[in-house]
Amino acid sequence: MSNVAVYGAGSWGSALSVVLANAGHQVALIGRHSDEMELIRKQRENARYLPGVVLPPGIQPTTDLTLLNAELVVFSVPSHSVRQAARLVKDYLKPGCIVVNTAKGMEEGSHLRLSEVLAEELPQNRIAVLSGPSHAEEVGRNMPTTVVVASDVETAKAVQDLMMTPEFRIYTNPDVIGVELGGALKNVIALCTGIAEGLGFGDNTKAALMTRGLAEIARLGVAQGGHPLTFAGLSGVGDLIVTCTSPHSRNRRAGVALGQGIPLDTVLKDVGMVVEGVKAARIAYQLSIEKDISMPITEQAYRVLFEGADPRIAVTDLMMRGKRHELEEIVELNWLN
Ligand SMILES: NC(=O)C1=CN([C@@H]2O[C@H](COP(=O)(O)OP(=O)(O)OC[C@H]3O[C@@H](n4cnc5c(N)ncnc54)[C@H](OP(=O)(O)O)[C@@H]3O)[C@@H](O)[C@H]2O)C=CC1
Ligand SMILES: O=C(CO)COP(=O)(O)O
């Protein structure tokens, strides 16, 4: 039994604490408000972010940063907080310990992947990335889930050894770029499938957005150095499926409300948790222009979210684009590389 820590006590940090406790560790679940953490400790439940999930006895809800002095530290803060959080915890981490980022996004402004942000801020630590189809509500209830950890081979295997349980199966993948970009970009497509649902469209439209969405995720991902086949894996198509279809997805739910005509500010307040696809849409759109990559769905998401475009017209614009050849595009992407 070893000591591990989870930094960030939202829905994902709480669910991953359950996984780590199930794996036999003593887990410090570290949040930033002592009153909230005390309540979680007393109730054995994170009623605000993960209601209904009982936290096993191996989890210690706390604000004590000295407990970050552990063999493994799981980072579960929203993508926009990763750099700031890394700066805050840096001096408490054991040199050489593994830091696993679980946020799905990129940094605004720099457009860095989050493992790059962590590598800049925590040069003394080994950085890994955990991604894949995994909603906290199901992971916290021990429902069978598969994810992927990306890092150098040794670090990825160490995370697999430390975190895998009979209910939480972890694959390794050395393609950090592909795994991270798959996880960040699927949120944009989930917002779009939600919008389509909110507009009253059906499963055909959703399948179209998911399939063509995957094509543009892979185009940008490969241009950034990801392996094409990673996008056919857990952090690509796997996470795309769950986020575009699950009632738990905050991105999908936000999209539904947007499609129903509710303004973005109100939608974000109502969801009450992080909706990563909003920031990711702006970053992905900017990257697509910078790299000259065709990302028509992401472009329409950007226009709806930030330029007040009518989502119904956005769908028409997508349907009326010039004629394309599906197989030629797939060959161009070199899936079998
Ligand atoms: N929920 C899920 O099913 C999954 C989520 N993820 C990813 O995990 C990341 C976190 O999401 P999730 O837990 O769902 O988000 P939530 O909105 O549920 O919770 C976010 C948590 O992060 C805390 N937080 C925010 N900023 C900081 C900071 N600077 N320092 C410390 N804590 C901070 C918040 O605290 P406070 O209340 O004080 O603001 C809150 O506890 C996201 O990138 C998401 O995409 C990945 C897979 C599954
Ligand atoms: O990444 C996730 C599931 O794999 C969580 O998605 P949402 O943030 O849309 O809830």
# chains A, B, ... in the order shown; residues from 1 in each chain; ligands from 1

call {"tool": "closest_atom_pairs", "arguments": {"of": "stretch 82-185 of chain A", "to": "stretch 270-284 of chain A", "cutoff": "10 Å", "atoms": "only C-alpha atoms", "output": "tab-separated table"}}
result
residue	atom	partner	partner_atom	distance
A:Ala103	CA	A:Glu276	CA	8.9
A:Lys104	CA	A:Glu276	CA	7.1
A:Gly105	CA	A:Ala280	CA	6.1
A:Met106	CA	A:Ala280	CA	6.7
A:Glu107	CA	A:Ile283	CA	8.1
A:Glu108	CA	A:Ile283	CA	6.4
A:Gly109	CA	A:Ile283	CA	8.0
A:Ser110	CA	A:Ile283	CA	9.3
A:His111	CA	A:Ile283	CA	6.6
A:Leu112	CA	A:Ile283	CA	9.8
A:Leu181	CA	A:Ala284	CA	9.7
A:Ala184	CA	A:Ala280	CA	6.7
A:Leu185	CA	A:Ala280	CA	6.6

call {"tool": "residues_near_ligand", "arguments": {"ligand": "ligand 1", "cutoff": "7 Å", "atoms": "only C-alpha atoms and all ligand atoms", "output": "VMD selection string"}}
result
chain A and resid 7 to 13 31 to 33 49 76 to 79 81 to 82 84 to 85 102 to 105 131 134 to 137 272 to 274 276

call {"tool": "select_by_dssp", "arguments": {"residues": "stretch 103-273 of chain A", "states": "strand (DSSP E or B)", "output": "MDAnalysis selection string"}}
result
chainID A and resid 106 113 126:131 145:150 168:173

call {"tool": "write_last_selection", "arguments": {"atoms": "N, CA and C atoms", "output": "PDB file, in the first residue's frame"}}
result
ATOM      1  N   MET A 106      -6.171  22.335 -23.954  1.00  0.00           N
ATOM      2  CA  MET A 106      -4.864  22.905 -24.320  1.00  0.00           C
ATOM      3  C   MET A 106      -4.799  24.263 -23.637  1.00  0.00           C
ATOM      4  N   ARG A 113       0.115  21.757 -25.380  1.00  0.00           N
ATOM      5  CA  ARG A 113      -0.601  20.647 -24.752  1.00  0.00           C
ATOM      6  C   ARG A 113      -0.315  20.703 -23.241  1.00  0.00           C
ATOM      7  N   ARG A 126       8.193  13.261 -13.564  1.00  0.00           N
ATOM      8  CA  ARG A 126       7.880  12.452 -14.763  1.00  0.00           C
ATOM      9  C   ARG A 126       6.412  12.705 -15.077  1.00  0.00           C
ATOM     10  N   ILE A 127       6.126  13.122 -16.296  1.00  0.00           N
ATOM     11  CA  ILE A 127       4.759  13.519 -16.641  1.00  0.00           C
ATOM     12  C   ILE A 127       4.081  12.431 -17.485  1.00  0.00           C
ATOM     13  N   ALA A 128       2.854  12.114 -17.115  1.00  0.00           N
ATOM     14  CA  ALA A 128       2.045  11.175 -17.912  1.00  0.00           C
ATOM     15  C   ALA A 128       0.675  11.801 -18.138  1.00  0.00           C
ATOM     16  N   VAL A 129      -0.049  11.230 -19.102  1.00  0.00           N
ATOM     17  CA  VAL A 129      -1.365  11.753 -19.479  1.00  0.00           C
ATOM     18  C   VAL A 129      -2.358  10.602 -19.431  1.00  0.00           C
ATOM     19  N   LEU A 130      -3.486  10.816 -18.768  1.00  0.00           N
ATOM     20  CA  LEU A 130      -4.526   9.782 -18.727  1.00  0.00           C
ATOM     21  C   LEU A 130      -5.736  10.295 -19.494  1.00  0.00           C
ATOM     22  N   SER A 131      -6.219   9.497 -20.426  1.00  0.00           N
ATOM     23  CA  SER A 131      -7.358   9.943 -21.241  1.00  0.00           C
ATOM     24  C   SER A 131      -8.210   8.729 -21.624  1.00  0.00           C
ATOM     25  N   THR A 145     -14.537   0.321 -17.147  1.00  0.00           N
ATOM     26  CA  THR A 145     -14.082   1.485 -17.920  1.00  0.00           C
ATOM     27  C   THR A 145     -12.689   1.187 -18.448  1.00  0.00           C
ATOM     28  N   THR A 146     -12.413   1.647 -19.672  1.00  0.00           N
ATOM     29  CA  THR A 146     -11.059   1.488 -20.226  1.00  0.00           C
ATOM     30  C   THR A 146     -10.493   2.857 -20.568  1.00  0.00           C
ATOM     31  N   VAL A 147      -9.230   3.057 -20.226  1.00  0.00           N
ATOM     32  CA  VAL A 147      -8.572   4.333 -20.517  1.00  0.00           C
ATOM     33  C   VAL A 147      -7.168   4.046 -21.049  1.00  0.00           C
ATOM     34  N   VAL A 148      -6.474   5.122 -21.404  1.00  0.00           N
ATOM     35  CA  VAL A 148      -5.122   4.965 -21.936  1.00  0.00           C
ATOM     36  C   VAL A 148      -4.202   5.941 -21.214  1.00  0.00           C
ATOM     37  N   VAL A 149      -2.987   5.467 -20.893  1.00  0.00           N
ATOM     38  CA  VAL A 149      -2.004   6.366 -20.291  1.00  0.00           C
ATOM     39  C   VAL A 149      -0.851   6.525 -21.281  1.00  0.00           C
ATOM     40  N   ALA A 150      -0.470   7.774 -21.504  1.00  0.00           N
ATOM     41  CA  ALA A 150       0.589   8.059 -22.473  1.00  0.00           C
ATOM     42  C   ALA A 150       1.758   8.731 -21.766  1.00  0.00           C
ATOM     43  N   PHE A 168     -11.157  -0.772 -13.794  1.00  0.00           N
ATOM     44  CA  PHE A 168     -10.549   0.389 -14.473  1.00  0.00           C
ATOM     45  C   PHE A 168      -9.321  -0.119 -15.224  1.00  0.00           C
ATOM     46  N   ARG A 169      -9.542  -0.485 -16.486  1.00  0.00           N
ATOM     47  CA  ARG A 169      -8.483  -1.126 -17.274  1.00  0.00           C
ATOM     48  C   ARG A 169      -7.694  -0.053 -18.023  1.00  0.00           C
ATOM     49  N   ILE A 170      -6.384  -0.102 -17.868  1.00  0.00           N
ATOM     50  CA  ILE A 170      -5.532   0.940 -18.453  1.00  0.00           C
ATOM     51  C   ILE A 170      -4.632   0.352 -19.534  1.00  0.00           C
ATOM     52  N   TYR A 171      -4.680   0.932 -20.712  1.00  0.00           N
ATOM     53  CA  TYR A 171      -3.747   0.599 -21.789  1.00  0.00           C
ATOM     54  C   TYR A 171      -2.627   1.638 -21.784  1.00  0.00           C
ATOM     55  N   THR A 172      -1.467   1.282 -22.317  1.00  0.00           N
ATOM     56  CA  THR A 172      -0.409   2.281 -22.476  1.00  0.00           C
ATOM     57  C   THR A 172      -0.279   2.649 -23.950  1.00  0.00           C
ATOM     58  N   ASN A 173       0.221   3.854 -24.208  1.00  0.00           N
ATOM     59  CA  ASN A 173       0.446   4.314 -25.581  1.00  0.00           C
ATOM     60  C   ASN A 173       1.567   5.359 -25.519  1.00  0.00           C
TER      61      ASN A 173
END

call {"tool": "closest_residue", "arguments": {"among": "A:Val53, A:Leu287, A:Leu209, A:Ile40", "to": "A:Ile241", "atoms": "only C-alpha atoms"}}
result
A:Leu209

call {"tool": "select_by_dssp", "arguments": {"residues": "stretch 130-271 of chain A", "states": "helix (DSSP H, G or I)", "output": "PyMOL selection string"}}
result
chain A and resi 136-139+153-163+176-198+203-223+228-232+234-245+250-259+264-271

call {"tool": "atom_distance", "arguments": {"atom1": "atom CA of A:Ser294", "atom2": "atom CA of A:Leu214"}}
result
12.3 Å
